file query_18.pdb (PDB, C-alpha atoms, pLDDT in the B column)
ATOM      1  CA  MET H 130      -7.746 -15.925 -13.522  1.00 66.00           C
ATOM      2  CA  SER H 131      -7.249 -12.176 -13.657  1.00 77.00           C
ATOM      3  CA  VAL H 132      -4.796 -10.167 -11.610  1.00 76.00           C
ATOM      4  CA  PRO H 133      -6.443  -7.446  -9.470  1.00 80.00           C
ATOM      5  CA  GLN H 134      -5.811  -3.873 -10.534  1.00 88.00           C
ATOM      6  CA  LEU H 135      -3.575  -1.767  -8.333  1.00 93.00           C
ATOM      7  CA  SER H 136      -5.871   0.667  -6.537  1.00 94.00           C
ATOM      8  CA  ARG H 137      -6.396   2.003  -3.041  1.00 94.00           C
ATOM      9  CA  PRO H 138      -9.518   0.343  -1.583  1.00 93.00           C
ATOM     10  CA  ARG H 139     -12.275   2.339   0.081  1.00 92.00           C
ATOM     11  CA  THR H 140     -12.639  -0.222   2.895  1.00 89.00           C
ATOM     12  CA  GLY H 141      -9.909  -1.811   4.987  1.00 86.00           C
ATOM     13  CA  ARG H 142      -7.544   1.121   4.781  1.00 88.00           C
ATOM     14  CA  VAL H 143      -5.674   2.523   7.749  1.00 91.00           C
ATOM     15  CA  LEU H 144      -4.106   5.732   6.463  1.00 91.00           C
ATOM     16  CA  ALA H 145      -4.416   6.072   2.706  1.00 94.00           C
ATOM     17  CA  GLY H 146      -4.927   2.491   1.587  1.00 94.00           C
ATOM     18  CA  VAL H 147      -1.520   2.097  -0.054  1.00 96.00           C
ATOM     19  CA  CYS H 148      -0.526  -1.023   1.904  1.00 96.00           C
ATOM     20  CA  ALA H 149      -4.010  -2.531   1.538  1.00 95.00           C
ATOM     21  CA  GLY H 150      -3.909  -1.933  -2.211  1.00 95.00           C
ATOM     22  CA  LEU H 151      -0.445  -3.428  -2.579  1.00 96.00           C
ATOM     23  CA  GLY H 152      -1.454  -6.409  -0.480  1.00 95.00           C
ATOM     24  CA  ARG H 153      -4.542  -7.056  -2.574  1.00 93.00           C
ATOM     25  CA  ARG H 154      -2.584  -6.663  -5.831  1.00 94.00           C
ATOM     26  CA  PHE H 155       0.128  -9.143  -4.824  1.00 94.00           C
ATOM     27  CA  GLY H 156      -2.059 -11.558  -2.849  1.00 94.00           C
ATOM     28  CA  LEU H 157      -0.730 -10.658   0.599  1.00 96.00           C
ATOM     29  CA  ALA H 158      -2.574  -9.771   3.766  1.00 96.00           C
ATOM     30  CA  PRO H 159      -2.694  -5.998   4.331  1.00 94.00           C
ATOM     31  CA  TRP H 160      -1.328  -6.413   7.879  1.00 96.00           C
ATOM     32  CA  LEU H 161       1.743  -8.157   6.456  1.00 97.00           C
ATOM     33  CA  VAL H 162       2.434  -5.337   3.987  1.00 96.00           C
ATOM     34  CA  ARG H 163       1.965  -2.802   6.798  1.00 96.00           C
ATOM     35  CA  ALA H 164       4.355  -4.731   9.059  1.00 97.00           C
ATOM     36  CA  ILE H 165       6.995  -4.893   6.312  1.00 96.00           C
ATOM     37  CA  PHE H 166       6.602  -1.174   5.663  1.00 96.00           C
ATOM     38  CA  LEU H 167       6.882  -0.308   9.352  1.00 96.00           C
ATOM     39  CA  ALA H 168       9.958  -2.525   9.725  1.00 97.00           C
ATOM     40  CA  SER H 169      11.529  -0.838   6.684  1.00 96.00           C
ATOM     41  CA  LEU H 170      11.201   2.517   8.452  1.00 95.00           C
ATOM     42  CA  LEU H 171      13.958   1.349  10.810  1.00 96.00           C
ATOM     43  CA  LEU H 172      16.373   1.337   7.878  1.00 95.00           C
ATOM     44  CA  PRO H 173      17.765   4.492   6.310  1.00 96.00           C
ATOM     45  CA  GLY H 174      16.091   5.474   3.077  1.00 93.00           C
ATOM     46  CA  PRO H 175      13.183   7.296   1.480  1.00 95.00           C
ATOM     47  CA  GLN H 176      10.396   4.916   2.565  1.00 95.00           C
ATOM     48  CA  ALA H 177       8.092   7.661   3.869  1.00 93.00           C
ATOM     49  CA  VAL H 178       8.571   9.669   0.671  1.00 96.00           C
ATOM     50  CA  LEU H 179       7.839   6.549  -1.389  1.00 96.00           C
ATOM     51  CA  TYR H 180       4.603   6.032   0.569  1.00 96.00           C
ATOM     52  CA  LEU H 181       3.529   9.608  -0.191  1.00 96.00           C
ATOM     53  CA  VAL H 182       4.364   9.191  -3.881  1.00 97.00           C
ATOM     54  CA  LEU H 183       2.375   5.943  -4.048  1.00 96.00           C
ATOM     55  CA  TRP H 184      -0.524   7.676  -2.283  1.00 96.00           C
ATOM     56  CA  ILE H 185      -0.569  10.217  -5.122  1.00 96.00           C
ATOM     57  CA  LEU H 186       0.058   7.785  -8.003  1.00 96.00           C
ATOM     58  CA  ILE H 187      -2.187   4.822  -7.082  1.00 95.00           C
ATOM     59  CA  PRO H 188      -5.781   5.668  -7.981  1.00 95.00           C
ATOM     60  CA  ALA H 189      -8.558   5.288  -5.443  1.00 94.00           C
ATOM     61  CA  GLU H 190     -10.984   2.424  -5.994  1.00 89.00           C
ATOM     62  CA  GLY H 191     -14.207   3.253  -7.771  1.00 82.00           C
TER      63      GLY H 191
END
call {"tool": "encode", "arguments": {"input": "query_18.pdb", "output": "C-alpha coordinates"}}
result
Amino acid sequence: MSVPQLSRPRTGRVLAGVCAGLGRRFGLAPWLVRAIFLASLLLPGPQAVLYLVLWILIPAEG
(Lines of atoms letter the chains of each structure in order from A and count residues from 1; the text may use other names and numbers.)
(Lines give C-alpha, C1' and ligand atoms only; values in the text may rest on other atoms or scores of the structure.)
Protein backbone atom coordinates (compact mmCIF):
# COMPACT_ATOMS: atom_id res chain seq x y z
CA MET A 1 0.00 0.00 0.00
CA SER A 2 1.55 3.28 -1.07
CA VAL A 3 1.35 6.56 0.78
CA PRO A 4 -0.22 9.40 -1.28
CA GLN A 5 2.13 12.16 -2.37
CA LEU A 6 1.74 15.53 -0.72
CA SER A 7 0.14 17.79 -3.31
CA ARG A 8 -2.64 20.34 -3.51
CA PRO A 9 -5.61 18.73 -5.30
CA ARG A 10 -7.41 20.43 -8.16
CA THR A 11 -10.84 19.39 -6.83
CA GLY A 12 -12.17 19.68 -3.29
CA ARG A 13 -10.14 22.74 -2.40
CA VAL A 14 -11.56 25.75 -0.61
CA LEU A 15 -8.80 28.35 -0.78
CA ALA A 16 -5.54 26.90 -2.05
CA GLY A 17 -5.95 23.20 -1.34
CA VAL A 18 -3.39 23.05 1.47
CA CYS A 19 -5.76 21.51 4.04
CA ALA A 20 -7.23 19.12 1.45
CA GLY A 21 -3.75 18.01 0.45
CA LEU A 22 -2.64 17.49 4.04
CA GLY A 23 -5.82 15.60 4.80
CA ARG A 24 -5.37 13.29 1.83
CA ARG A 25 -1.69 12.71 2.68
CA PHE A 26 -2.38 11.76 6.30
CA GLY A 27 -5.70 9.98 5.76
CA LEU A 28 -7.90 12.63 7.37
CA ALA A 29 -11.04 14.30 6.11
CA PRO A 30 -10.32 17.74 4.63
CA TRP A 31 -13.03 19.32 6.82
CA LEU A 32 -11.24 18.02 9.92
CA VAL A 33 -7.90 19.53 8.85
CA ARG A 34 -9.67 22.82 8.07
CA ALA A 35 -11.39 22.81 11.48
CA ILE A 36 -8.08 22.16 13.26
CA PHE A 37 -6.43 24.95 11.29
CA LEU A 38 -9.24 27.40 12.04
CA ALA A 39 -9.16 26.49 15.74
CA SER A 40 -5.38 27.01 15.77
CA LEU A 41 -5.92 30.58 14.56
CA LEU A 42 -7.33 31.36 18.01
CA LEU A 43 -3.90 30.70 19.49
CA PRO A 44 -0.98 33.08 19.12
CA GLY A 45 1.53 32.04 16.51
CA PRO A 46 2.45 32.12 12.84
CA GLN A 47 -0.32 29.81 11.55
CA ALA A 48 -1.39 32.12 8.71
CA VAL A 49 2.23 32.56 7.61
CA LEU A 50 2.71 28.78 7.72
CA TYR A 51 -0.36 28.33 5.50
CA LEU A 52 1.09 30.77 2.95
CA VAL A 53 4.46 29.01 3.02
CA LEU A 54 2.79 25.62 2.50
CA TRP A 55 0.76 27.11 -0.36
CA ILE A 56 4.05 28.01 -2.06
CA LEU A 57 5.97 24.83 -1.19
CA ILE A 58 3.36 22.10 -1.81
CA PRO A 59 3.09 21.46 -5.54
CA ALA A 60 -0.27 21.51 -7.28
CA GLU A 61 -1.64 18.17 -8.43
CA GLY A 62 -1.01 17.23 -12.03
call {"tool": "residues_around", "arguments": {"input": "query_18.pdb", "residues": "H:Leu167", "least_positions_apart": "6", "cutoff": "10 Å", "atoms": "only C-alpha atoms", "output": "list in words"}}
result
Leu161, Gln176 and Ala177 of chain H
call {"tool": "resolve_selection", "arguments": {"input": "query_18.pdb", "expression": "the PyMOL selection byres ((chain H and resi 188) around 12)", "output": "list in words"}}
result
Gln134, Leu135, Ser136, Arg137, Pro138, Arg139, Ala145, Gly146, Val147, Gly150, Leu151, Val182, Leu183, Trp184, Ile185, Leu186, Ile187, Ala189, Glu190 and Gly191 of chain H
call {"tool": "closest_residue", "arguments": {"input": "query_18.pdb", "among": "H:Leu144, H:Pro175, H:Ser131, H:Leu181", "to": "H:Arg163", "atoms": "all atoms listed in the file"}}
result
H:Leu144
call {"tool": "residues_near_point", "arguments": {"input": "query_18.pdb", "point": "(-3.1, -5.3, 4.9)", "cutoff": "9 Å", "atoms": "only C-alpha atoms", "output": "list in words"}}
result
Gly141, Arg142, Val143, Gly146, Cys148, Ala149, Gly150, Leu151, Gly152, Arg153, Leu157, Ala158, Pro159, Trp160, Leu161, Val162, Arg163 and Ala164 of chain H
call {"tool": "axis_aligned_box", "arguments": {"input": "query_18.pdb", "around": "stretch 158-176 of chain H", "padding_each_side": "6 Å", "output": "AutoDock Vina command-line options"}}
result
--center_x 7.5 --center_y -1.2 --center_z 6.1 --size_x 32.5 --size_y 29.1 --size_z 21.3
call {"tool": "build_atoms", "arguments": {"input": "query_18.pdb", "residues": "stretch 145-176 of chain H", "atoms": "N, CA and C atoms", "output": "short mmCIF file (atom, residue, chain, number, x, y, z; two decimals), in the frame of the given file"}}
result
data_model
loop_
_atom_site.label_atom_id
_atom_site.label_comp_id
_atom_site.auth_asym_id
_atom_site.auth_seq_id
_atom_site.Cartn_x
_atom_site.Cartn_y
_atom_site.Cartn_z
N ALA H 145 -4.00 5.68 4.05
CA ALA H 145 -4.42 6.07 2.71
C ALA H 145 -4.80 4.87 1.85
N GLY H 146 -4.57 3.68 2.34
CA GLY H 146 -4.93 2.49 1.59
C GLY H 146 -3.82 1.96 0.70
N VAL H 147 -2.63 2.53 0.80
CA VAL H 147 -1.52 2.10 -0.05
C VAL H 147 -1.13 0.66 0.27
N CYS H 148 -0.92 0.34 1.52
CA CYS H 148 -0.53 -1.02 1.90
C CYS H 148 -1.63 -2.03 1.61
N ALA H 149 -2.88 -1.64 1.83
CA ALA H 149 -4.01 -2.53 1.54
C ALA H 149 -4.10 -2.79 0.04
N GLY H 150 -3.88 -1.77 -0.76
CA GLY H 150 -3.91 -1.93 -2.21
C GLY H 150 -2.77 -2.80 -2.72
N LEU H 151 -1.59 -2.60 -2.18
CA LEU H 151 -0.44 -3.43 -2.58
C LEU H 151 -0.65 -4.87 -2.15
N GLY H 152 -1.19 -5.06 -0.96
CA GLY H 152 -1.45 -6.41 -0.48
C GLY H 152 -2.46 -7.13 -1.36
N ARG H 153 -3.53 -6.45 -1.72
CA ARG H 153 -4.54 -7.06 -2.57
C ARG H 153 -3.96 -7.37 -3.96
N ARG H 154 -3.16 -6.48 -4.50
CA ARG H 154 -2.58 -6.66 -5.83
C ARG H 154 -1.65 -7.88 -5.88
N PHE H 155 -0.86 -8.07 -4.82
CA PHE H 155 0.13 -9.14 -4.82
C PHE H 155 -0.29 -10.36 -4.01
N GLY H 156 -1.54 -10.39 -3.55
CA GLY H 156 -2.06 -11.56 -2.85
C GLY H 156 -1.53 -11.73 -1.44
N LEU H 157 -1.23 -10.62 -0.78
CA LEU H 157 -0.73 -10.66 0.60
C LEU H 157 -1.75 -10.02 1.52
N ALA H 158 -1.70 -10.39 2.77
CA ALA H 158 -2.57 -9.77 3.77
C ALA H 158 -2.12 -8.32 4.00
N PRO H 159 -3.07 -7.40 4.11
CA PRO H 159 -2.69 -6.00 4.33
C PRO H 159 -1.85 -5.80 5.59
N TRP H 160 -2.12 -6.57 6.65
CA TRP H 160 -1.33 -6.41 7.88
C TRP H 160 0.13 -6.79 7.65
N LEU H 161 0.38 -7.75 6.75
CA LEU H 161 1.74 -8.16 6.46
C LEU H 161 2.49 -7.05 5.70
N VAL H 162 1.82 -6.44 4.74
CA VAL H 162 2.43 -5.34 3.99
C VAL H 162 2.70 -4.16 4.92
N ARG H 163 1.76 -3.89 5.82
CA ARG H 163 1.96 -2.80 6.80
C ARG H 163 3.14 -3.10 7.72
N ALA H 164 3.25 -4.35 8.18
CA ALA H 164 4.36 -4.73 9.06
C ALA H 164 5.70 -4.60 8.34
N ILE H 165 5.75 -5.02 7.09
CA ILE H 165 7.00 -4.89 6.31
C ILE H 165 7.35 -3.43 6.13
N PHE H 166 6.34 -2.61 5.83
CA PHE H 166 6.60 -1.17 5.66
C PHE H 166 7.11 -0.56 6.96
N LEU H 167 6.45 -0.87 8.07
CA LEU H 167 6.88 -0.31 9.35
C LEU H 167 8.28 -0.77 9.72
N ALA H 168 8.61 -2.03 9.45
CA ALA H 168 9.96 -2.52 9.72
C ALA H 168 10.98 -1.82 8.83
N SER H 169 10.60 -1.51 7.59
CA SER H 169 11.53 -0.84 6.68
C SER H 169 11.83 0.58 7.15
N LEU H 170 10.94 1.17 7.95
CA LEU H 170 11.20 2.52 8.45
C LEU H 170 12.38 2.56 9.40
N LEU H 171 12.79 1.40 9.93
CA LEU H 171 13.96 1.35 10.81
C LEU H 171 15.26 1.46 10.03
N LEU H 172 15.19 1.24 8.73
CA LEU H 172 16.37 1.34 7.88
C LEU H 172 16.45 2.73 7.27
N PRO H 173 17.66 3.19 6.97
CA PRO H 173 17.76 4.49 6.31
C PRO H 173 17.25 4.40 4.88
N GLY H 174 16.59 5.45 4.44
CA GLY H 174 16.09 5.47 3.08
C GLY H 174 14.83 6.30 2.96
N PRO H 175 14.33 6.41 1.75
CA PRO H 175 13.18 7.30 1.48
C PRO H 175 11.82 6.58 1.55
N GLN H 176 11.63 5.69 2.51
CA GLN H 176 10.40 4.92 2.56
C GLN H 176 9.17 5.80 2.75
#
